[in-house]
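Structure below is start-v9.cif: mmCIF, C-alpha atoms and all ligand atoms.
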data_coords
#
loop_
_atom_site.group_PDB
_atom_site.id
_atom_site.type_symbol
_atom_site.label_atom_id
_atom_site.label_comp_id
_atom_site.auth_asym_id
_atom_site.auth_seq_id
_atom_site.Cartn_x
_atom_site.Cartn_y
_atom_site.Cartn_z
ATOM 1 C CA MET A 204 -188.364 5.927 16.795
ATOM 2 C CA TYR A 205 -185.443 6.652 19.088
ATOM 3 C CA ASP A 206 -182.005 7.276 17.724
ATOM 4 C CA LEU A 207 -180.425 3.966 18.760
ATOM 5 C CA SER A 208 -178.759 3.018 15.502
ATOM 6 C CA GLY A 209 -175.207 1.766 15.843
ATOM 7 C CA ARG A 210 -175.601 0.984 19.517
ATOM 8 C CA VAL A 211 -175.139 -2.423 21.085
ATOM 9 C CA GLY A 212 -177.516 -4.160 23.483
ATOM 10 C CA LEU A 213 -177.759 -7.382 25.469
ATOM 11 C CA VAL A 214 -181.137 -8.729 26.587
ATOM 12 C CA THR A 215 -181.332 -11.513 29.168
ATOM 13 C CA GLY A 216 -184.251 -13.887 28.817
ATOM 14 C CA GLY A 217 -184.479 -12.586 25.257
ATOM 15 C CA GLY A 218 -185.524 -15.967 23.914
ATOM 16 C CA GLY A 219 -189.206 -15.512 24.719
ATOM 17 C CA GLY A 220 -192.015 -13.284 25.908
ATOM 18 C CA ILE A 221 -191.214 -9.700 26.839
ATOM 19 C CA GLY A 222 -187.464 -10.111 26.333
ATOM 20 C CA ARG A 223 -187.890 -11.324 22.785
ATOM 21 C CA GLU A 224 -190.075 -8.354 21.931
ATOM 22 C CA ILE A 225 -187.569 -5.970 23.513
ATOM 23 C CA ALA A 226 -184.801 -7.544 21.405
ATOM 24 C CA ARG A 227 -186.969 -7.128 18.268
ATOM 25 C CA ARG A 228 -187.722 -3.513 19.061
ATOM 26 C CA LEU A 229 -184.093 -2.610 19.778
ATOM 27 C CA ALA A 230 -182.980 -4.297 16.554
ATOM 28 C CA GLY A 231 -185.738 -2.425 14.719
ATOM 29 C CA GLU A 232 -184.265 0.779 16.135
ATOM 30 C CA GLY A 233 -180.927 -0.143 14.557
ATOM 31 C CA MET A 234 -179.137 -1.726 17.505
ATOM 32 C CA ALA A 235 -176.919 -4.802 17.325
ATOM 33 C CA VAL A 236 -178.485 -7.134 19.884
ATOM 34 C CA THR A 237 -177.238 -10.151 21.814
ATOM 35 C CA VAL A 238 -179.966 -12.446 23.088
ATOM 36 C CA LEU A 239 -178.947 -14.295 26.248
ATOM 37 C CA ASP A 240 -181.140 -17.154 27.424
ATOM 38 C CA ARG A 241 -180.777 -20.472 29.223
ATOM 39 C CA ASP A 242 -183.022 -21.998 26.565
ATOM 40 C CA ALA A 243 -180.542 -22.577 23.738
ATOM 41 C CA ALA A 244 -183.090 -23.093 20.948
ATOM 42 C CA ALA A 245 -185.040 -19.999 21.979
ATOM 43 C CA ALA A 246 -181.913 -17.839 22.142
ATOM 44 C CA ARG A 247 -180.809 -18.961 18.690
ATOM 45 C CA ALA A 248 -184.240 -18.498 17.128
ATOM 46 C CA ALA A 249 -184.717 -15.030 18.617
ATOM 47 C CA ALA A 250 -181.228 -13.962 17.543
ATOM 48 C CA ALA A 251 -181.662 -15.331 14.018
ATOM 49 C CA GLU A 252 -184.876 -13.366 13.590
ATOM 50 C CA ILE A 253 -183.078 -10.058 14.236
ATOM 51 C CA ASN A 254 -179.706 -10.908 12.749
ATOM 52 C CA GLY A 255 -178.228 -10.743 16.226
ATOM 53 C CA LEU A 256 -176.122 -13.014 18.395
ATOM 54 C CA GLY A 257 -177.584 -15.782 20.557
ATOM 55 C CA VAL A 258 -175.657 -16.775 23.682
ATOM 56 C CA ILE A 259 -176.599 -19.541 26.075
ATOM 57 C CA ALA A 260 -176.266 -18.873 29.801
ATOM 58 C CA ASP A 261 -178.164 -19.234 33.029
ATOM 59 C CA VAL A 262 -178.153 -15.813 34.705
ATOM 60 C CA THR A 263 -177.557 -17.496 38.074
ATOM 61 C CA ALA A 264 -174.239 -19.008 36.917
ATOM 62 C CA GLU A 265 -171.407 -16.458 37.109
ATOM 63 C CA ASP A 266 -169.029 -18.423 34.880
ATOM 64 C CA GLU A 267 -171.622 -18.933 32.132
ATOM 65 C CA VAL A 268 -172.600 -15.262 32.268
ATOM 66 C CA SER A 269 -169.044 -13.957 32.064
ATOM 67 C CA ARG A 270 -168.337 -16.236 29.081
ATOM 68 C CA ALA A 271 -171.514 -15.034 27.368
ATOM 69 C CA VAL A 272 -170.707 -11.360 28.002
ATOM 70 C CA GLU A 273 -167.163 -11.804 26.669
ATOM 71 C CA THR A 274 -168.571 -13.498 23.537
ATOM 72 C CA ALA A 275 -170.961 -10.581 22.993
ATOM 73 C CA ILE A 276 -168.207 -7.997 23.441
ATOM 74 C CA LYS A 277 -165.887 -9.908 21.118
ATOM 75 C CA ARG A 278 -168.601 -9.872 18.456
ATOM 76 C CA PHE A 279 -169.880 -6.301 18.778
ATOM 77 C CA GLY A 280 -167.006 -4.477 20.514
ATOM 78 C CA ARG A 281 -168.938 -3.173 23.515
ATOM 79 C CA ILE A 282 -172.284 -3.172 25.340
ATOM 80 C CA ASP A 283 -174.159 0.137 25.513
ATOM 81 C CA LEU A 284 -177.353 -1.300 26.970
ATOM 82 C CA LEU A 285 -178.094 -4.198 29.298
ATOM 83 C CA VAL A 286 -181.704 -5.278 29.755
ATOM 84 C CA ASN A 287 -182.048 -7.553 32.780
ATOM 85 C CA ASN A 288 -185.282 -9.213 31.763
ATOM 86 C CA ALA A 289 -184.877 -12.913 32.671
ATOM 87 C CA GLY A 290 -187.216 -13.795 35.497
ATOM 88 C CA ILE A 291 -189.431 -16.516 36.914
ATOM 89 C CA CYS A 292 -192.663 -16.420 38.892
ATOM 90 C CA CYS A 293 -194.209 -19.027 41.183
ATOM 91 C CA THR A 294 -197.319 -18.246 43.164
ATOM 92 C CA GLY A 295 -199.143 -19.928 46.014
ATOM 93 C CA PRO A 296 -200.027 -19.517 49.662
ATOM 94 C CA ALA A 297 -196.983 -18.246 51.576
ATOM 95 C CA LEU A 298 -197.402 -20.909 54.233
ATOM 96 C CA ASP A 299 -197.220 -23.702 51.657
ATOM 97 C CA MET A 300 -194.444 -22.369 49.447
ATOM 98 C CA PRO A 301 -191.377 -24.602 49.661
ATOM 99 C CA LEU A 302 -188.260 -22.688 50.647
ATOM 100 C CA ALA A 303 -186.622 -24.030 47.496
ATOM 101 C CA THR A 304 -189.233 -22.220 45.384
ATOM 102 C CA LEU A 305 -188.587 -18.921 47.159
ATOM 103 C CA ARG A 306 -184.853 -19.411 46.742
ATOM 104 C CA ALA A 307 -185.222 -20.195 43.039
ATOM 105 C CA MET A 308 -187.066 -16.897 42.487
ATOM 106 C CA LEU A 309 -184.507 -14.930 44.485
ATOM 107 C CA ALA A 310 -181.709 -16.641 42.555
ATOM 108 C CA VAL A 311 -182.998 -15.794 39.072
ATOM 109 C CA ASN A 312 -184.772 -12.496 39.741
ATOM 110 C CA VAL A 313 -182.295 -10.913 42.158
ATOM 111 C CA GLU A 314 -178.957 -12.714 41.978
ATOM 112 C CA GLY A 315 -179.348 -12.923 38.200
ATOM 113 C CA VAL A 316 -179.640 -9.133 37.894
ATOM 114 C CA PHE A 317 -176.661 -8.721 40.225
ATOM 115 C CA ILE A 318 -174.504 -11.257 38.373
ATOM 116 C CA VAL A 319 -175.169 -10.018 34.827
ATOM 117 C CA SER A 320 -174.845 -6.371 35.855
ATOM 118 C CA ARG A 321 -171.480 -7.087 37.489
ATOM 119 C CA ALA A 322 -170.274 -8.839 34.348
ATOM 120 C CA VAL A 323 -171.230 -5.907 32.099
ATOM 121 C CA LEU A 324 -170.591 -2.856 34.306
ATOM 122 C CA PRO A 325 -166.762 -2.906 34.284
ATOM 123 C CA HIS A 326 -166.893 -2.487 30.485
ATOM 124 C CA MET A 327 -169.358 0.377 30.776
ATOM 125 C CA ILE A 328 -167.285 2.021 33.523
ATOM 126 C CA THR A 329 -164.186 1.923 31.314
ATOM 127 C CA ARG A 330 -166.120 3.684 28.564
ATOM 128 C CA ARG A 331 -167.841 6.090 31.003
ATOM 129 C CA SER A 332 -171.138 5.312 29.312
ATOM 130 C CA GLY A 333 -173.987 2.821 29.554
ATOM 131 C CA VAL A 334 -177.605 2.103 30.362
ATOM 132 C CA ILE A 335 -179.187 -0.694 32.388
ATOM 133 C CA VAL A 336 -182.909 -1.436 32.293
ATOM 134 C CA ASN A 337 -184.215 -3.946 34.831
ATOM 135 C CA LEU A 338 -187.558 -5.722 34.562
ATOM 136 C CA ALA A 339 -189.174 -5.365 37.975
ATOM 137 C CA SER A 340 -192.975 -5.518 38.307
ATOM 138 C CA TRP A 341 -195.868 -3.751 39.951
ATOM 139 C CA ALA A 342 -195.427 -6.653 42.410
ATOM 140 C CA GLY A 343 -192.169 -4.924 43.324
ATOM 141 C CA LYS A 344 -194.129 -2.001 44.743
ATOM 142 C CA THR A 345 -197.126 -3.656 46.332
ATOM 143 C CA GLY A 346 -197.618 -7.103 47.827
ATOM 144 C CA ASN A 347 -200.498 -9.276 46.695
ATOM 145 C CA ALA A 348 -201.758 -12.469 48.328
ATOM 146 C CA TYR A 349 -200.126 -15.610 46.871
ATOM 147 C CA PHE A 350 -197.242 -13.577 45.425
ATOM 148 C CA ALA A 351 -195.034 -13.368 48.548
ATOM 149 C CA GLY A 352 -191.853 -14.807 47.061
ATOM 150 C CA TYR A 353 -192.178 -13.102 43.702
ATOM 151 C CA SER A 354 -193.008 -9.779 45.335
ATOM 152 C CA ALA A 355 -190.011 -10.060 47.661
ATOM 153 C CA SER A 356 -187.768 -10.655 44.660
ATOM 154 C CA LYS A 357 -189.143 -7.704 42.680
ATOM 155 C CA PHE A 358 -188.947 -5.289 45.648
ATOM 156 C CA ALA A 359 -185.288 -6.330 45.761
ATOM 157 C CA VAL A 360 -184.862 -5.529 42.065
ATOM 158 C CA ILE A 361 -186.092 -2.000 42.716
ATOM 159 C CA GLY A 362 -183.680 -1.595 45.645
ATOM 160 C CA LEU A 363 -180.842 -2.890 43.505
ATOM 161 C CA THR A 364 -181.833 -0.491 40.713
ATOM 162 C CA GLN A 365 -181.693 2.527 43.041
ATOM 163 C CA ALA A 366 -178.417 1.514 44.685
ATOM 164 C CA LEU A 367 -176.706 0.843 41.346
ATOM 165 C CA ALA A 368 -178.096 4.074 39.890
ATOM 166 C CA ARG A 369 -176.414 6.087 42.650
ATOM 167 C CA GLU A 370 -173.182 4.088 42.481
ATOM 168 C CA MET A 371 -172.899 4.266 38.686
ATOM 169 C CA ALA A 372 -174.024 7.862 38.124
ATOM 170 C CA PRO A 373 -170.448 9.216 38.393
ATOM 171 C CA TYR A 374 -169.564 7.005 35.412
ATOM 172 C CA ASN A 375 -172.430 8.342 33.284
ATOM 173 C CA ILE A 376 -174.275 5.017 33.574
ATOM 174 C CA ARG A 377 -178.029 5.200 34.054
ATOM 175 C CA VAL A 378 -179.954 2.411 35.800
ATOM 176 C CA ASN A 379 -183.751 2.221 35.734
ATOM 177 C CA ALA A 380 -186.482 -0.355 36.157
ATOM 178 C CA ILE A 381 -189.774 -0.969 34.385
ATOM 179 C CA CYS A 382 -192.676 -2.186 36.514
ATOM 180 C CA PRO A 383 -195.204 -3.874 34.216
ATOM 181 C CA GLY A 384 -198.683 -4.771 35.402
ATOM 182 C CA ILE A 385 -200.350 -7.644 33.549
ATOM 183 C CA VAL A 386 -198.543 -8.562 30.323
ATOM 184 C CA VAL A 387 -200.250 -11.249 28.237
ATOM 185 C CA GLU A 388 -198.887 -13.368 25.382
ATOM 186 C CA THR A 389 -195.958 -14.681 27.429
ATOM 187 C CA ALA A 390 -195.180 -18.117 28.848
ATOM 188 C CA MET A 391 -195.060 -16.645 32.352
ATOM 189 C CA ARG A 392 -198.578 -15.202 32.019
ATOM 190 C CA ARG A 393 -199.934 -18.503 30.632
ATOM 191 C CA ALA A 394 -198.441 -20.369 33.601
ATOM 192 C CA LEU A 395 -199.905 -17.762 35.977
ATOM 193 C CA GLU A 396 -203.360 -18.264 34.453
ATOM 194 C CA THR A 397 -203.142 -21.953 35.304
ATOM 195 C CA GLN A 398 -201.959 -21.202 38.843
ATOM 196 C CA GLN A 399 -204.736 -18.628 39.340
ATOM 197 C CA ARG A 400 -207.339 -21.169 38.222
ATOM 198 C CA HIS A 401 -205.866 -23.705 40.607
ATOM 199 C CA TYR A 402 -206.128 -21.327 43.561
ATOM 200 C CA GLY A 403 -209.534 -19.935 42.583
ATOM 201 C CA LEU A 404 -208.083 -16.442 41.992
ATOM 202 C CA PRO A 405 -209.633 -13.999 39.466
ATOM 203 C CA GLN A 406 -208.625 -14.678 35.860
ATOM 204 C CA THR A 407 -206.947 -12.084 33.644
ATOM 205 C CA ALA A 408 -210.203 -11.169 31.846
ATOM 206 C CA GLU A 409 -211.758 -10.385 35.223
ATOM 207 C CA ARG A 410 -208.763 -8.394 36.448
ATOM 208 C CA GLU A 411 -208.678 -6.417 33.213
ATOM 209 C CA LYS A 412 -211.864 -4.652 34.354
ATOM 210 C CA SER A 413 -209.949 -2.975 37.170
ATOM 211 C CA ILE A 414 -207.332 -1.466 34.854
ATOM 212 C CA PRO A 415 -208.079 2.248 34.309
ATOM 213 C CA LEU A 416 -206.933 2.216 30.665
ATOM 214 C CA GLY A 417 -209.271 -0.728 30.098
ATOM 215 C CA ARG A 418 -206.823 -3.285 28.757
ATOM 216 C CA VAL A 419 -204.001 -5.553 29.782
ATOM 217 C CA SER A 420 -200.644 -4.971 28.129
ATOM 218 C CA VAL A 421 -198.628 -6.852 25.532
ATOM 219 C CA PRO A 422 -194.841 -7.247 25.291
ATOM 220 C CA ALA A 423 -194.678 -4.445 22.697
ATOM 221 C CA ASP A 424 -195.874 -1.979 25.362
ATOM 222 C CA VAL A 425 -192.889 -2.906 27.526
ATOM 223 C CA ALA A 426 -190.497 -2.836 24.575
ATOM 224 C CA LYS A 427 -191.453 0.771 23.808
ATOM 225 C CA ALA A 428 -190.588 1.808 27.355
ATOM 226 C CA ALA A 429 -187.297 -0.098 27.231
ATOM 227 C CA ALA A 430 -186.323 1.624 23.966
ATOM 228 C CA PHE A 431 -187.157 5.008 25.477
ATOM 229 C CA LEU A 432 -185.081 4.365 28.603
ATOM 230 C CA ALA A 433 -182.209 3.164 26.413
ATOM 231 C CA SER A 434 -182.253 6.350 24.376
ATOM 232 C CA ASP A 435 -180.746 9.769 24.981
ATOM 233 C CA GLU A 436 -184.324 11.064 25.300
ATOM 234 C CA ALA A 437 -184.152 9.546 28.801
ATOM 235 C CA GLY A 438 -180.704 11.008 29.442
ATOM 236 C CA TYR A 439 -181.701 12.683 32.734
ATOM 237 C CA ILE A 440 -183.626 9.699 34.109
ATOM 238 C CA THR A 441 -181.892 7.360 36.542
ATOM 239 C CA GLY A 442 -182.913 5.372 39.619
ATOM 240 C CA GLU A 443 -186.551 5.323 38.494
ATOM 241 C CA SER A 444 -188.933 2.379 38.595
ATOM 242 C CA ILE A 445 -191.524 3.274 36.021
ATOM 243 C CA ASN A 446 -195.031 1.860 36.289
ATOM 244 C CA LEU A 447 -196.304 0.374 33.039
ATOM 245 C CA SER A 448 -199.636 -0.903 34.217
ATOM 246 C CA GLY A 449 -202.361 1.063 32.463
ATOM 247 C CA GLY A 450 -203.031 2.717 35.785
ATOM 248 C CA LEU A 451 -203.363 -0.505 37.795
ATOM 249 C CA LEU A 452 -200.709 0.900 40.089
ATOM 250 C CA MET A 453 -200.186 4.615 40.632
ATOM 251 C CA ASP A 454 -197.590 5.935 43.038
HETATM 252 N N1 LIG A 501 -195.721 -11.334 32.029
HETATM 253 C C1 LIG A 501 -196.049 -10.475 32.962
HETATM 254 O O1 LIG A 501 -197.268 -10.248 33.211
HETATM 255 C C2 LIG A 501 -195.006 -9.717 33.746
HETATM 256 C C3 LIG A 501 -195.461 -8.684 34.603
HETATM 257 C C4 LIG A 501 -194.496 -7.972 35.329
HETATM 258 C C5 LIG A 501 -193.164 -8.266 35.210
HETATM 259 N N2 LIG A 501 -192.752 -9.284 34.374
HETATM 260 C C6 LIG A 501 -191.312 -9.561 34.311
HETATM 261 O O2 LIG A 501 -190.875 -9.440 32.961
HETATM 262 C C7 LIG A 501 -189.802 -10.358 32.719
HETATM 263 C C8 LIG A 501 -190.138 -11.229 31.510
HETATM 264 O O3 LIG A 501 -191.360 -11.925 31.762
HETATM 265 P P1 LIG A 501 -192.090 -12.820 30.661
HETATM 266 O O4 LIG A 501 -193.534 -12.778 30.994
HETATM 267 O O5 LIG A 501 -191.634 -12.452 29.294
HETATM 268 O O6 LIG A 501 -191.512 -14.267 31.055
HETATM 269 P P2 LIG A 501 -191.340 -15.590 30.140
HETATM 270 O O7 LIG A 501 -191.331 -16.739 31.094
HETATM 271 O O8 LIG A 501 -192.349 -15.589 29.063
HETATM 272 O O9 LIG A 501 -189.899 -15.424 29.487
HETATM 273 C C9 LIG A 501 -188.753 -15.412 30.303
HETATM 274 C C10 LIG A 501 -187.512 -15.737 29.491
HETATM 275 O O10 LIG A 501 -186.409 -15.744 30.405
HETATM 276 C C11 LIG A 501 -185.674 -16.942 30.255
HETATM 277 N N3 LIG A 501 -185.084 -17.308 31.555
HETATM 278 C C12 LIG A 501 -185.742 -17.668 32.684
HETATM 279 N N4 LIG A 501 -184.869 -17.967 33.650
HETATM 280 C C13 LIG A 501 -183.625 -17.778 33.131
HETATM 281 C C14 LIG A 501 -182.314 -17.927 33.641
HETATM 282 N N5 LIG A 501 -182.093 -18.379 34.891
HETATM 283 N N6 LIG A 501 -181.271 -17.633 32.846
HETATM 284 C C15 LIG A 501 -181.466 -17.219 31.573
HETATM 285 N N7 LIG A 501 -182.684 -17.082 31.020
HETATM 286 C C16 LIG A 501 -183.757 -17.350 31.791
HETATM 287 C C17 LIG A 501 -186.675 -17.981 29.765
HETATM 288 O O11 LIG A 501 -186.038 -19.072 29.100
HETATM 289 C C18 LIG A 501 -187.569 -17.134 28.843
HETATM 290 O O12 LIG A 501 -187.034 -17.079 27.528
HETATM 291 C C19 LIG A 501 -189.607 -11.142 34.016
HETATM 292 O O13 LIG A 501 -188.573 -10.573 34.770
HETATM 293 C C20 LIG A 501 -190.944 -10.963 34.727
HETATM 294 O O14 LIG A 501 -190.831 -11.129 36.115
HETATM 295 C C21 LIG A 501 -193.659 -9.999 33.649
#
Let's see the structure in the file written out as structure tokens.
Amino acid sequence: MYDLSGRVGLVTGGGGGIGREIARRLAGEGMAVTVLDRDAAAARAAAAEINGLGVIADVTAEDEVSRAVETAIKRFGRIDLLVNNAGICCTGPALDMPLATLRAMLAVNVEGVFIVSRAVLPHMITRRSGVIVNLASWAGKTGNAYFAGYSASKFAVIGLTQALAREMAPYNIRVNAICPGIVVETAMRRALETQQRHYGLPQTAEREKSIPLGRVSVPADVAKAAAFLASDEAGYITGESINLSGGLLMD
């Protein structure tokens, strides 16, 4: 356990998958957690489970995000931790991918991180304290066939993480990213399985064989890393993009 009790967090995309597990973990560590999601029912259900606050917003809509952040601050007084987890993934041959699909990924995965961070950071700057954890991906460090758009968006998340880490360090705000490999038990992974079947790509069970630690990961693996980065135990870590891939990616 990390000493997070009494702190306040906001998790985007916290209504499902990895984000929901991160919200659970942070609440279990004693944090007051706001779950932000564009899926209203999911946000409410996830928040109810942890006695937190559910707020409805699309991370690509600045006005919705600023309203949601103000609601969270009104309820809990401040935000110590922002987890930019909301993301989408569409795969397919680069030559066939509609520009609209690429733009949708860039909007949620990159602009979304930018927009929510800019809504929260002024409050952290005033308090000279804060932590941001971004969900990137191993696809943000290496390109794989059929993942061109997604990979481009996650490389951008890592760039954004480093730039913000440097810019915010004088205010005692740390900014890091987690780069998961294959995380099962999420809607995104289930959709990817279908897409992989469609394109004749190896299925997860097959790809698992190439993971040095011998297993794919689950959302709880990511949540542990997020809790660590949120804690003072990680007080000297900023600008990092930490691989969480069981050895699938080493750099
Ligand atoms: N699952 C994996 O294998 C994997 C691997 C590496 C990185 N990631 C990253 O981890 C993060 C979470 O992935 P997941 O597998 O839990 O996905 P998921 O699809 O299971 O859950 C994503 C959540 O984000 C919400 N969301 C999506 N777009 C949103 C928007 N515009 N505004 C607000 N909320 C929005 C969804 O409603 C959902 O609750 C993503 O950033 C993803 O790219 C996932």
Selection within 7 Å of ligand LIG 501 (chain A) by all atoms listed in the file, output as a ChimeraX atom specification: /A:215-222,239-242,245,260-263,288-292,311-312,315,338-341,382-387,389-392
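Take the PyMOL selection byres (((chain A and resi 293-297) around 6) and not hetatm) and apply it to this file: it picks Cys292, Leu298, Asp299, Met300, Tyr349 and Phe350 of chain A.
Atom to atom, CA of Leu302 in chain A and CA of Glu314 in chain A stand 16.2 Å apart.
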Restricting to all atoms listed in the file, whichever of A:Arg393, A:Arg377, A:Arg306, A:Lys277 is closest to Asn337 in chain A is A:Arg377
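Atom to atom, CA of Tyr205 in chain A and CA of Gly438 in chain A stand 12.2 Å apart.
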